Structures are given as structure tokens and as C-alpha cells.
$ cat coords_18.txt   # compact mmCIF, C-alpha atoms and all ligand atoms
# COMPACT_ATOMS: atom_id res chain seq x y z
CA MET A 1 88.37 130.57 189.88
CA ARG A 2 88.49 127.17 191.49
CA ALA A 3 89.66 124.30 189.32
CA LEU A 4 91.09 120.81 189.44
CA VAL A 5 94.75 121.54 188.84
CA VAL A 6 97.60 119.17 188.09
CA ASP A 7 99.68 118.43 191.20
CA PRO A 8 102.54 116.00 190.46
CA SER A 9 103.25 115.61 194.20
CA LEU A 10 99.97 113.74 194.73
CA PRO A 11 99.39 110.09 193.72
CA CYS A 12 96.10 111.07 192.10
CA GLY A 13 97.83 113.88 190.21
CA LEU A 14 95.01 116.40 190.76
CA ARG A 15 93.82 118.68 193.54
CA LEU A 16 91.07 121.22 193.94
CA GLY A 17 92.91 124.54 193.75
CA GLU A 18 92.85 127.90 192.05
CA ALA A 19 93.64 129.03 188.52
CA ALA A 20 93.35 132.25 186.56
CA ASP A 21 89.94 132.89 185.00
CA PRO A 22 90.04 132.03 181.28
CA GLU A 23 89.87 134.94 178.83
CA PRO A 24 87.59 133.96 175.96
CA GLY A 25 88.78 134.74 172.43
CA PRO A 26 86.40 136.34 169.92
CA GLY A 27 84.93 133.01 168.79
CA GLN A 28 84.64 131.53 172.27
CA VAL A 29 81.77 131.40 174.74
CA LEU A 30 82.36 131.49 178.47
CA VAL A 31 80.60 128.64 180.24
CA GLN A 32 79.96 128.36 183.95
CA VAL A 33 80.65 124.67 184.36
CA ARG A 34 78.22 122.72 186.55
CA HIS A 35 79.41 119.20 185.79
CA ALA A 36 82.43 117.67 184.09
CA SER A 37 83.49 114.15 183.35
CA LEU A 38 86.74 112.23 183.70
CA ASN A 39 88.08 110.09 180.88
CA PRO A 40 90.79 107.48 181.48
CA GLY A 41 92.94 108.88 178.67
CA GLU A 42 92.99 112.33 180.28
CA LEU A 43 94.01 110.84 183.62
CA GLY A 44 96.74 108.85 181.91
CA MET A 45 98.25 112.04 180.51
CA LEU A 46 98.35 113.98 183.79
CA ALA A 47 101.97 113.02 184.44
CA GLN A 48 103.02 114.85 181.28
CA LEU A 49 101.30 118.11 182.24
CA PRO A 50 102.86 120.95 184.26
CA ALA A 51 101.84 121.69 187.85
CA GLY A 52 98.85 124.01 187.99
CA HIS A 53 97.53 123.02 184.54
CA VAL A 54 93.73 122.81 184.33
CA GLY A 55 92.74 119.59 182.60
CA GLY A 56 89.58 117.97 181.33
CA TYR A 57 87.59 118.23 178.11
CA ASP A 58 83.98 117.31 178.93
CA ALA A 59 81.71 119.91 180.50
CA ALA A 60 78.08 120.90 180.86
CA GLY A 61 76.89 124.20 182.25
CA VAL A 62 75.41 127.57 181.42
CA VAL A 63 76.73 130.19 179.00
CA VAL A 64 77.56 133.29 181.03
CA ARG A 65 79.12 135.26 178.18
CA PRO A 66 78.32 134.69 174.49
CA ALA A 67 81.04 134.77 171.84
CA ALA A 68 82.07 138.30 170.89
CA ASP A 69 81.85 137.44 167.18
CA GLY A 70 78.16 136.62 167.50
CA THR A 71 78.54 132.87 166.90
CA GLY A 72 77.16 130.21 169.22
CA PRO A 73 74.53 130.20 171.94
CA ALA A 74 73.24 133.19 173.92
CA ALA A 75 73.94 133.87 177.58
CA GLY A 76 71.78 131.69 179.79
CA THR A 77 71.75 128.72 177.39
CA ARG A 78 72.36 125.33 178.99
CA VAL A 79 75.09 123.66 176.97
CA LEU A 80 77.39 120.68 176.77
CA ALA A 81 80.89 121.52 175.67
CA PHE A 82 84.14 119.95 174.52
CA GLY A 83 87.33 121.88 175.12
CA PRO A 84 90.54 121.99 177.17
CA GLY A 85 90.19 123.23 180.74
CA ALA A 86 86.80 121.68 181.55
CA TRP A 87 87.59 120.79 185.18
CA ALA A 88 87.01 124.34 186.37
CA GLU A 89 84.31 126.78 187.37
CA LEU A 90 84.71 128.59 184.06
CA LEU A 91 85.51 127.27 180.60
CA ALA A 92 86.29 129.39 177.54
CA VAL A 93 85.46 127.19 174.58
CA SER A 94 85.02 127.63 170.84
CA SER A 95 81.41 128.27 169.88
CA ALA A 96 81.93 125.45 167.33
CA ASP A 97 82.43 123.00 170.18
CA VAL A 98 79.26 123.58 172.20
CA ALA A 99 75.64 122.58 171.74
CA ALA A 100 72.46 123.65 173.48
CA LEU A 101 70.97 121.05 175.75
CA PRO A 102 67.27 120.46 175.12
CA ARG A 103 64.80 120.85 177.94
CA GLY A 104 64.32 117.62 179.81
CA ALA A 105 67.95 116.50 179.63
CA ALA A 106 70.00 116.72 182.83
CA LEU A 107 73.23 118.71 182.78
CA ALA A 108 75.01 116.06 184.85
CA GLU A 109 74.23 113.41 182.25
CA ALA A 110 75.14 115.71 179.37
CA ALA A 111 78.59 116.23 180.89
CA ALA A 112 79.29 112.53 180.40
CA LEU A 113 78.77 112.66 176.65
CA PRO A 114 81.18 114.90 174.75
CA MET A 115 84.44 113.03 174.24
CA ALA A 116 83.25 109.43 174.43
CA GLY A 117 80.00 110.13 172.58
CA MET A 118 81.61 112.16 169.82
CA THR A 119 84.28 109.46 169.42
CA VAL A 120 81.82 106.65 168.79
CA LEU A 121 79.57 108.80 166.65
CA ARG A 122 82.44 109.73 164.36
CA THR A 123 83.96 106.26 164.19
CA LEU A 124 80.58 104.77 163.35
CA ARG A 125 80.13 107.34 160.59
CA ALA A 126 83.60 106.60 159.26
CA ALA A 127 82.63 102.92 159.05
CA GLY A 128 79.68 103.71 156.76
CA SER A 129 76.11 102.48 157.07
CA VAL A 130 75.71 99.77 159.69
CA LEU A 131 72.09 99.04 158.85
CA GLY A 132 71.70 95.27 159.01
CA ARG A 133 75.42 94.80 159.54
CA ARG A 134 77.28 93.02 162.29
CA VAL A 135 79.10 95.47 164.55
CA LEU A 136 81.53 94.17 167.16
CA VAL A 137 82.21 96.44 170.14
CA THR A 138 85.18 95.43 172.29
CA GLY A 139 85.45 96.77 175.84
CA ALA A 140 81.68 97.04 175.60
CA SER A 141 81.34 97.45 179.38
CA GLY A 142 83.40 100.67 179.28
CA ALA A 143 82.20 104.20 178.67
CA VAL A 144 83.03 104.27 174.96
CA GLY A 145 81.72 100.74 174.50
CA ARG A 146 78.38 101.52 176.15
CA TYR A 147 77.81 104.49 173.87
CA GLY A 148 79.09 102.60 170.85
CA LEU A 149 76.75 99.69 171.25
CA GLN A 150 73.76 101.95 171.87
CA LEU A 151 74.40 104.08 168.79
CA ALA A 152 75.18 101.07 166.59
CA ALA A 153 71.99 99.29 167.70
CA ARG A 154 70.01 102.46 167.11
CA ALA A 155 71.49 102.71 163.60
CA GLY A 156 70.15 99.25 162.78
CA ALA A 157 73.20 97.08 163.40
CA HIS A 158 73.34 93.61 164.86
CA VAL A 159 75.59 94.34 167.84
CA VAL A 160 78.07 91.86 169.24
CA ALA A 161 79.39 93.11 172.59
CA SER A 162 82.75 91.77 173.76
CA VAL A 163 83.50 91.93 177.50
CA ARG A 164 85.94 90.23 179.82
CA ASP A 165 83.39 89.75 182.62
CA GLY A 166 79.95 88.26 182.07
CA VAL A 167 78.53 90.25 184.96
CA HIS A 168 77.88 93.07 182.46
CA ALA A 169 75.85 90.95 180.04
CA PRO A 170 72.32 91.78 181.29
CA ALA A 171 72.96 95.53 181.33
CA LEU A 172 74.55 95.52 177.87
CA THR A 173 71.69 93.44 176.47
CA ALA A 174 69.27 95.99 177.92
CA LEU A 175 71.24 98.75 176.18
CA GLY A 176 70.87 97.04 172.79
CA ALA A 177 73.52 94.33 172.44
CA HIS A 178 72.21 91.33 170.49
CA GLU A 179 75.03 89.03 171.57
CA VAL A 180 77.47 89.27 174.47
CA VAL A 181 80.77 87.42 174.09
CA VAL A 182 82.60 86.89 177.38
CA GLY A 183 86.38 86.63 177.39
CA LEU A 184 89.13 86.50 174.81
CA ALA A 185 88.82 82.78 174.07
CA ALA A 186 85.12 83.21 173.25
CA LEU A 187 85.89 86.20 171.03
CA ARG A 188 88.33 84.07 169.04
CA GLN A 189 85.56 81.49 168.62
CA VAL A 190 82.94 83.85 167.17
CA GLY A 191 82.00 81.99 164.01
CA GLU A 192 80.34 84.64 161.89
CA PRO A 193 82.47 87.51 160.50
CA VAL A 194 81.73 91.10 161.43
CA ASP A 195 81.45 94.18 159.19
CA VAL A 196 82.58 96.85 161.63
CA VAL A 197 84.60 96.78 164.85
CA LEU A 198 84.66 99.55 167.43
CA GLU A 199 87.86 98.49 169.18
CA THR A 200 88.79 99.98 172.57
CA VAL A 201 90.91 97.34 174.34
CA GLY A 202 93.88 96.84 172.02
CA GLY A 203 96.45 94.03 172.40
CA PRO A 204 95.03 90.53 171.92
CA TYR A 205 91.49 91.92 171.57
CA LEU A 206 92.61 93.95 168.58
CA VAL A 207 94.23 90.87 167.04
CA ALA A 208 91.15 88.69 167.69
CA ALA A 209 88.80 91.35 166.33
CA TRP A 210 90.93 91.81 163.20
CA ALA A 211 90.66 88.09 162.49
CA LEU A 212 86.85 88.37 162.49
CA LEU A 213 86.61 91.02 159.76
CA ALA A 214 84.54 90.15 156.71
CA PRO A 215 85.90 91.14 153.26
CA GLY A 216 85.56 94.94 152.98
CA ALA A 217 85.05 95.32 156.73
CA THR A 218 86.68 98.00 158.85
CA LEU A 219 88.17 98.04 162.33
CA GLN A 220 88.05 101.43 164.04
CA SER A 221 90.90 101.57 166.54
CA ILE A 222 89.62 103.86 169.29
CA GLY A 223 91.62 102.92 172.37
CA TRP A 224 94.02 100.57 174.08
CA ALA A 225 92.48 100.14 177.53
CA GLY A 226 94.14 96.77 178.16
CA GLY A 227 97.64 98.19 177.70
CA GLU A 228 99.05 95.01 176.17
CA PRO A 229 100.95 94.84 172.87
CA ALA A 230 99.20 93.38 169.84
CA VAL A 231 101.00 90.44 168.25
CA PHE A 232 99.62 89.52 164.85
CA PRO A 233 100.36 85.96 163.66
CA PRO A 234 102.44 85.97 160.48
CA GLY A 235 100.25 86.32 157.41
CA SER A 236 97.19 87.44 159.38
CA THR A 237 97.03 90.83 157.66
CA PHE A 238 97.04 89.40 154.15
CA PHE A 239 93.77 88.43 152.50
CA PRO A 240 93.02 87.90 148.83
CA GLY A 241 90.03 89.87 147.56
CA VAL A 242 88.35 92.98 148.96
CA ALA A 243 90.52 94.79 151.49
CA ARG A 244 89.91 94.90 155.23
CA THR A 245 90.98 98.17 156.86
CA LEU A 246 92.12 99.43 160.23
CA SER A 247 91.46 103.12 160.88
CA SER A 248 92.82 105.30 163.62
CA PHE A 249 90.60 107.90 165.28
CA GLY A 250 91.58 111.37 166.33
CA ASP A 251 89.28 113.81 164.59
CA ALA A 252 87.93 115.97 167.40
CA ALA A 253 87.53 119.21 165.41
CA ALA A 254 84.32 121.29 165.41
CA VAL A 255 82.19 118.85 167.34
CA GLY A 256 79.25 121.16 168.09
CA ALA A 257 76.82 119.59 165.61
CA ASP A 258 77.66 116.11 166.88
CA LEU A 259 77.20 117.23 170.49
CA GLY A 260 73.80 118.58 169.46
CA LEU A 261 72.88 115.20 167.99
CA LEU A 262 73.98 113.40 171.15
CA ALA A 263 72.12 115.90 173.33
CA GLY A 264 68.95 115.31 171.34
CA LEU A 265 69.28 111.54 171.74
CA LEU A 266 69.84 112.00 175.48
CA ALA A 267 66.82 114.27 175.82
CA SER A 268 64.55 111.85 173.94
CA GLY A 269 65.72 108.87 175.97
CA ALA A 270 67.30 107.20 172.94
CA LEU A 271 70.76 107.36 174.50
CA SER A 272 71.58 106.56 178.12
CA ALA A 273 74.48 108.55 179.60
CA GLN A 274 75.54 105.62 181.80
CA VAL A 275 76.83 107.70 184.69
CA GLY A 276 78.36 105.13 187.04
CA TRP A 277 79.94 107.49 189.56
CA ARG A 278 78.90 111.01 190.48
CA GLY A 279 80.08 113.25 193.29
CA SER A 280 81.47 116.62 194.29
CA TRP A 281 84.82 117.62 192.81
CA GLU A 282 86.04 117.75 196.38
CA ARG A 283 86.08 113.95 196.07
CA VAL A 284 88.44 114.06 193.11
CA GLU A 285 90.91 111.60 194.64
CA GLU A 286 88.18 109.00 195.05
CA ALA A 287 86.86 109.65 191.53
CA VAL A 288 90.28 109.32 189.91
CA GLY A 289 90.98 106.11 191.84
CA MET A 290 87.64 104.62 190.80
CA VAL A 291 88.28 105.37 187.11
CA ARG A 292 91.85 104.11 187.18
CA GLU A 293 90.91 100.90 188.98
CA ARG A 294 88.02 100.22 186.56
CA LYS A 295 85.45 100.43 189.34
CA VAL A 296 83.12 102.76 187.44
CA THR A 297 80.53 101.12 185.22
CA GLY A 298 80.27 103.82 182.58
CA LYS A 299 81.20 107.44 183.16
CA ALA A 300 82.46 109.35 186.19
CA VAL A 301 80.91 112.81 186.55
CA ILE A 302 82.04 115.48 188.99
CA ASP A 303 79.71 118.16 190.33
CA ILE A 304 81.03 121.69 190.39
CA ALA A 305 79.00 123.80 192.79
CA PRO A 306 78.71 127.40 191.55
CA GLY A 307 81.25 129.31 193.61
CA ALA A 308 81.42 132.89 194.73
CA GLY A 309 84.88 133.09 193.26
CA THR A 310 83.86 133.64 189.66
CA GLY A 311 82.47 137.11 190.30
CA LEU A 312 79.80 136.47 187.66
CA THR A 313 76.09 137.01 188.01
CA LEU A 314 74.19 134.16 186.46
CA PRO A 315 71.52 135.07 183.93
N1 LIG A 401 86.46 108.05 177.00
C1 LIG A 401 86.72 108.67 175.87
O1 LIG A 401 86.14 109.72 175.59
C2 LIG A 401 87.70 108.11 174.86
C3 LIG A 401 87.83 108.72 173.64
C4 LIG A 401 88.76 108.20 172.73
C5 LIG A 401 89.50 107.08 173.07
N2 LIG A 401 89.35 106.51 174.30
C6 LIG A 401 90.15 105.35 174.64
O2 LIG A 401 89.28 104.21 174.52
C7 LIG A 401 89.60 103.26 175.52
C8 LIG A 401 88.37 102.98 176.36
O3 LIG A 401 87.94 104.19 176.96
P1 LIG A 401 86.73 104.18 177.98
O4 LIG A 401 86.47 105.57 178.36
O5 LIG A 401 85.62 103.34 177.47
O6 LIG A 401 87.42 103.40 179.20
P2 LIG A 401 86.73 102.59 180.38
O7 LIG A 401 85.39 103.13 180.68
O8 LIG A 401 87.74 102.52 181.45
O9 LIG A 401 86.51 101.12 179.76
C9 LIG A 401 87.59 100.30 179.47
C10 LIG A 401 87.05 99.03 178.83
O10 LIG A 401 88.14 98.19 178.48
C11 LIG A 401 88.01 96.94 179.19
N3 LIG A 401 89.33 96.47 179.57
C12 LIG A 401 90.29 97.15 180.25
N4 LIG A 401 91.38 96.40 180.40
C13 LIG A 401 91.12 95.21 179.80
C14 LIG A 401 91.85 94.02 179.62
N5 LIG A 401 93.10 93.88 180.08
N6 LIG A 401 91.26 93.00 178.97
C15 LIG A 401 90.00 93.12 178.50
N7 LIG A 401 89.24 94.22 178.65
C16 LIG A 401 89.80 95.26 179.28
C17 LIG A 401 87.16 97.24 180.38
O11 LIG A 401 86.55 96.06 180.86
P3 LIG A 401 86.01 95.96 182.38
O12 LIG A 401 84.69 96.71 182.40
O13 LIG A 401 85.86 94.52 182.62
O14 LIG A 401 87.03 96.63 183.26
C18 LIG A 401 86.17 98.20 179.76
O15 LIG A 401 85.22 97.53 179.00
C19 LIG A 401 90.77 103.85 176.33
O16 LIG A 401 91.99 103.36 175.80
C20 LIG A 401 90.63 105.34 176.07
O17 LIG A 401 91.86 106.02 176.22
C21 LIG A 401 88.45 106.98 175.19
$ encode --input "coords_18.txt" --output "C-alpha cells"
Amino acid sequence: MRALVVDPSLPCGLRLGEAADPEPGPGQVLVQVRHASLNPGELGMLAQLPAGHVGGYDAAGVVVRPAADGTGPAAGTRVLAFGPGAWAELLAVSSADVAALPRGAALAEAAALPMAGMTVLRTLRAAGSVLGRRVLVTGASGAVGRYGLQLAARAGAHVVASVRDGVHAPALTALGAHEVVVGLAALRQVGEPVDVVLETVGGPYLVAAWALLAPGATLQSIGWAGGEPAVFPPGSTFFPGVARTLSSFGDAAAVGADLGLLAGLLASGALSAQVGWRGSWERVEEAVGMVRERKVTGKAVIDIAPGAGTGLTLP
């Protein structure tokens, strides 16, 4: 099959090449991938992967072979999927990590959702009910931030979106942000404490967000997009009274039900996929550059034209 394979000799680290067809295990479905998305974390890890490795985790396509153990969707079902090896014509993925895509939702948009959507869904759940609570989303202009603020607003939160560039304010307000705070200095000046933080920037944003936590509030540490170290002033992690907490996120097991929830929200129009770049996987170099240089507002989605190379007849 054709696939985006790791090529350490190229600055972008990926090229459109060939890889062995995946052999699904008994609990795996085989998906013909039509669209996949690129996440900055995946691109950051390319240098640690061997030449020829097929990367990627987010895919949407059509099941061409159901799981041998009878679990999961039938052949012909349009699905979104989360599993290693998504940047390829074929993906063998656990039936616990796929969900059927309702009619009316576009596969290309569904491909944007799995990793970023599942991340914010699970971190919001971990934070408890946000109904009527103040939720701060840092890096709100990014892919995770855009999903986070939409889901938090939908769950009844008062959403404070933190960005470094005010150019994003109108779009984020349209997505559900109640306040947009521009820049680090303004974040430090936010007067009212927050109950939950979805934190994606790290460094000084993490420190500023921590200082805003109300008693009992939680900061969900999702990412470190800014790449700077976090320096906490002495004493800033000690508070008398009810504890504030910082939680890490990494629970990406059995995401099928959550993908189904996200797919339903997408299909009903309650969640916007925020695809900011879309193009053929032959333009992978351009796509990778756009993501790395922060030129994509939202998600980057690659189109994978069905090839003759798979030898599969589509249902
Ligand atoms: N995508 C996923 O599925 C996923 C899942 C788990 C964890 N993560 C992690 O979460 C983080 C965000 O991911 P993402 O997909 O949302 O990335 P993204 O789309 O590239 O967004 C990055 C966000 O961080 C902001 N940012 C970057 N550098 C900054 C700096 N120096 N100061 C202030 N703001 C800065 C960006 O602001 P501008 O818009 O102004 O550039 C943008 O809002 C990453 O660390 C990623 O590894 C991502």
C-alpha cells in the first residue's frame, strides 16, 4: 500500500512511499483510509522513529474488512478511527477504537477529530461537571483549544479563552468563548478565579493559569506547545484550605465510545471540526511545514485518494 513513511533524510521527515499492508488481528477492523489528520505532537516525534515507519493516529474511511471476532462495525461502514499507522491507504485498528460516522457528517471533517477531540473530552470529564463554572482554555486558537472551548461551552461552562494573538478573538467568540484574553500579561491580570483549566501551552502560561485556580479547582495539563520551561514563584503551589490539583493526561485507551459521541456532535452541527488546511497527501511537505510553523488555524487534514495498490474491492 501507499503510505506516508518516515524518511530521516528529508527536512519534513515524511515522504509518500510504500509499506506492507497491515494484517488485522482478530479484534481489529481493516479501514480503507480516505482522510487523516496531522497533530503537532506526532510530527515532533518523527525524529525518534525508524525510516519506513508509518505514522499518524487520526483517520476516517470505510471498513473493508470487519473484525474476525465479530466486534465492531460491518464492512462498508463509514468510520472515524484512532490507531497507529493512520497515514496510509489501509489501517488495521482495534474495533474498540472506531466509531460509525452518522449520515450527514463529512469524512474529511471526522478525520480531524479523534486525538484532539478525545483528549479534550476526557480531560473535561476528569475535571467534573463544568455547568456554570469558569473554564479557562489556554492556546485556545489551536486545534485542542478550539475543541476544548466548544465542548466546555456546550457543557454549560463560562469559557475564558486565552490566546497570544487577538486576531483569533472573533472566531473563538463565535465558537462559544465568553471572554477572550489576549497575551500573557492579560492572563496574569484576570481577576476572577477559574474552576477548570484546559492547558495546552505550558511554560509561563501554565504558571499564570495555575495562579488563577479557585480552591478545589483543577488544571488539566494537556500540552506544552510553547516549549518554554515553567518557573513557579516560591510558595505559589501552597494554599491553605481546599486543594488545587494539576492532572496529566494520557489515557487514550478504548476511545470508540468517545469517538461516537464526537461524531454525533459533528453530524448535528454542535461541534465544528475546524479544518484549517486540507490537501492531497502528495502535499505532505507543505502540510507538515504549515503545522510546524503554526500557520494552520485548527486542524490539518490530508486526503488519501483510493489507490489501485490495495487490491481491495470496496463494498
Ligand atoms: N492535537 C492533539 O490531538 C493533542 C493531543 C494531546 C496533546 N496535545 C498537545 O497539546 C498542545 C496543543 O496541541 P494542538 O494540536 O492544539 O496544537 P496547535 O494547533 O499547534 O495549537 C498550539 C496552540 O498553542 C499556542 N502557542 C504555541 N506557542 C505559543 C507560545 N510560545 N506562546 C503562547 N501560545 C503559544 C498557539 O497559538 P497561535 O495560534 O497564536 O500560534 C495555539 O493556540 C501540543 O503541545 C500538543 O502536543 C495535542
$ residues_near_point --input "coords_18.txt" --point "(64.9, 125.0, 176.6)" --cutoff "8 Å" --atoms "all atoms listed in the file" --output "list of chain:residue names"
A:Thr77, A:Arg78, A:Leu101, A:Pro102, A:Arg103
$ axis_aligned_box --input "coords_18.txt" --around "range 286-297 of chain A" --padding-each-side "6 Å" --output "JSON"
{"center_x": 86.2, "center_y": 104.9, "center_z": 190.1, "size_x": 23.3, "size_y": 21.4, "size_z": 21.8}
$ residues_near_ligand --input "coords_18.txt" --ligand "ligand LIG 401 (chain A)" --cutoff "6 Å" --atoms "only C-alpha atoms and all ligand atoms" --output "list of chain:residue names"
A:Asn39, A:Pro40, A:Gly41, A:Met115, A:Ala116, A:Thr119, A:Gly139, A:Ala140, A:Ser141, A:Gly142, A:Ala143, A:Val144, A:Gly145, A:Arg164, A:Asp165, A:Thr200, A:Val201, A:Ile222, A:Gly223, A:Trp224, A:Ala225, A:Gly226, A:Arg294, A:Gly298
$ residues_near_point --input "coords_18.txt" --point "(85.1, 93.9, 163.6)" --cutoff "10 Å" --atoms "all atoms listed in the file" --output "PyMOL selection string"
chain A and resi 134-138+160+193-199+206+208-214+217-220+244-246
$ write_last_selection --input "coords_18.txt" --atoms "C-alpha atoms" --output "tab-separated table (two decimals), in the frame of the given file"
chain	number	residue	atom	x	y	z
A	134	ARG	CA	77.28	93.02	162.29
A	135	VAL	CA	79.10	95.47	164.55
A	136	LEU	CA	81.53	94.17	167.16
A	137	VAL	CA	82.21	96.44	170.14
A	138	THR	CA	85.18	95.43	172.29
A	160	VAL	CA	78.07	91.86	169.24
A	193	PRO	CA	82.47	87.51	160.50
A	194	VAL	CA	81.73	91.10	161.43
A	195	ASP	CA	81.45	94.18	159.19
A	196	VAL	CA	82.58	96.85	161.63
A	197	VAL	CA	84.60	96.78	164.85
A	198	LEU	CA	84.66	99.55	167.43
A	199	GLU	CA	87.86	98.49	169.18
A	206	LEU	CA	92.61	93.95	168.58
A	208	ALA	CA	91.15	88.69	167.69
A	209	ALA	CA	88.80	91.35	166.33
A	210	TRP	CA	90.93	91.81	163.20
A	211	ALA	CA	90.66	88.09	162.49
A	212	LEU	CA	86.85	88.37	162.49
A	213	LEU	CA	86.61	91.02	159.76
A	214	ALA	CA	84.54	90.15	156.71
A	217	ALA	CA	85.05	95.32	156.73
A	218	THR	CA	86.68	98.00	158.85
A	219	LEU	CA	88.17	98.04	162.33
A	220	GLN	CA	88.05	101.43	164.04
A	244	ARG	CA	89.91	94.90	155.23
A	245	THR	CA	90.98	98.17	156.86
A	246	LEU	CA	92.12	99.43	160.23
$ residues_around --input "coords_18.txt" --residues "Leu30 in chain A" --least-positions-apart "2" --cutoff "8 Å" --atoms "only C-alpha atoms" --output "number ranges by chain"
A: 24, 28, 32, 63-67, 90-93
$ atom_distance --input "coords_18.txt" --atom1 "CA of Glu89 in chain A" --atom2 "CA of Ala108 in chain A"
14.4 Å
$ residues_around --input "coords_18.txt" --residues "Val288 in chain A" --least-positions-apart "2" --cutoff "12 Å" --atoms "all atoms listed in the file" --output "number ranges by chain"
A: 4, 10-15, 37-44, 46, 277-279, 281-286, 290-296, 299-302
$ residues_around --input "coords_18.txt" --residues "range 252-258 of chain A" --least-positions-apart "5" --cutoff "7 Å" --atoms "all atoms listed in the file" --output "ChimeraX atom specification"
/A:96-99,118
$ residues_around --input "coords_18.txt" --residues "range 172-187 of chain A" --least-positions-apart "5" --cutoff "6 Å" --atoms "all atoms listed in the file" --output "PyMOL selection string"
chain A and resi 150+153+159-164+166
$ atom_distance --input "coords_18.txt" --atom1 "CA of Val33 in chain A" --atom2 "CA of Gly148 in chain A"
25.9 Å
$ atom_distance --input "coords_18.txt" --atom1 "CA of Val29 in chain A" --atom2 "CA of Leu265 in chain A"
23.7 Å
$ residues_around --input "coords_18.txt" --residues "Ala157 in chain A" --least-positions-apart "5" --cutoff "8 Å" --atoms "all atoms listed in the file" --output "PDB file with C-alpha atoms, keeping the file's coordinate frame"
ATOM      1  CA  VAL A 130      75.710  99.770 159.690  1.00  0.00           C
ATOM      2  CA  LEU A 131      72.090  99.040 158.850  1.00  0.00           C
ATOM      3  CA  GLY A 132      71.700  95.270 159.010  1.00  0.00           C
ATOM      4  CA  ARG A 133      75.420  94.800 159.540  1.00  0.00           C
ATOM      5  CA  ARG A 134      77.280  93.020 162.290  1.00  0.00           C
ATOM      6  CA  VAL A 135      79.100  95.470 164.550  1.00  0.00           C
ATOM      7  CA  ALA A 152      75.180 101.070 166.590  1.00  0.00           C
TER       8      ALA A 152
END
$ closest_residue --input "coords_18.txt" --among "A:Glu109, A:Ala100, A:Asp58, A:Gly70" --to "Pro84 in chain A" --atoms "all atoms listed in the file"
A:Asp58
$ closest_residue --input "coords_18.txt" --among "A:Phe232, A:Trp87, A:Phe238, A:Tyr147" --to "Ala305 in chain A" --atoms "only C-alpha atoms"
A:Trp87
$ closest_residue --input "coords_18.txt" --among "A:Glu228, A:Ser221, A:Ala111, A:Leu80" --to "Val275 in chain A" --atoms "only C-alpha atoms"
A:Ala111
$ closest_residue --input "coords_18.txt" --among "A:Gly55, A:Gly27, A:Pro234, A:Gly117" --to "Ala263 in chain A" --atoms "all atoms listed in the file"
A:Gly117
$ decode --input "coords_18.txt" --residues "range 70-83 of chain A" --atoms "N, CA, C and O atoms" --output "tab-separated table (two decimals), in the first residue's frame"
chain	number	residue	atom	x	y	z
A	70	GLY	N	-15.95	-10.66	15.39
A	70	GLY	CA	-17.35	-10.23	15.35
A	70	GLY	C	-17.62	-8.90	16.04
A	70	GLY	O	-18.75	-8.42	16.03
A	71	THR	N	-16.60	-8.28	16.62
A	71	THR	CA	-16.80	-6.99	17.28
A	71	THR	C	-16.68	-5.88	16.24
A	71	THR	O	-16.05	-6.04	15.20
A	72	GLY	N	-17.28	-4.72	16.56
A	72	GLY	CA	-17.10	-3.54	15.73
A	72	GLY	C	-18.00	-3.50	14.52
A	72	GLY	O	-18.85	-4.37	14.31
A	73	PRO	N	-17.80	-2.46	13.71
A	73	PRO	CA	-18.71	-2.20	12.59
A	73	PRO	C	-18.53	-3.17	11.41
A	73	PRO	O	-17.48	-3.77	11.23
A	74	ALA	N	-19.58	-3.26	10.61
A	74	ALA	CA	-19.59	-4.15	9.44
A	74	ALA	C	-18.83	-3.52	8.28
A	74	ALA	O	-18.58	-2.31	8.25
A	75	ALA	N	-18.48	-4.35	7.32
A	75	ALA	CA	-17.84	-3.84	6.09
A	75	ALA	C	-18.77	-2.81	5.45
A	75	ALA	O	-19.99	-2.97	5.45
A	76	GLY	N	-18.18	-1.77	4.93
A	76	GLY	CA	-18.96	-0.72	4.27
A	76	GLY	C	-19.31	0.43	5.18
A	76	GLY	O	-19.77	1.48	4.71
A	77	THR	N	-19.10	0.28	6.50
A	77	THR	CA	-19.45	1.35	7.44
A	77	THR	C	-18.42	2.48	7.34
A	77	THR	O	-17.22	2.24	7.33
A	78	ARG	N	-18.94	3.70	7.26
A	78	ARG	CA	-18.03	4.87	7.33
A	78	ARG	C	-17.65	5.08	8.78
A	78	ARG	O	-18.53	5.14	9.65
A	79	VAL	N	-16.37	5.19	9.05
A	79	VAL	CA	-15.92	5.28	10.45
A	79	VAL	C	-14.86	6.38	10.62
A	79	VAL	O	-14.19	6.77	9.67
A	80	LEU	N	-14.73	6.84	11.87
A	80	LEU	CA	-13.52	7.56	12.26
A	80	LEU	C	-12.78	6.62	13.20
A	80	LEU	O	-13.39	5.78	13.87
A	81	ALA	N	-11.46	6.74	13.20
A	81	ALA	CA	-10.65	5.74	13.90
A	81	ALA	C	-9.44	6.39	14.54
A	81	ALA	O	-8.93	7.41	14.06
A	82	PHE	N	-8.99	5.76	15.63
A	82	PHE	CA	-7.79	6.22	16.34
A	82	PHE	C	-6.86	5.03	16.52
A	82	PHE	O	-7.19	4.08	17.24
A	83	GLY	N	-5.73	5.07	15.83
A	83	GLY	CA	-4.79	3.96	15.99
A	83	GLY	C	-3.52	4.21	15.21
A	83	GLY	O	-3.49	5.00	14.26
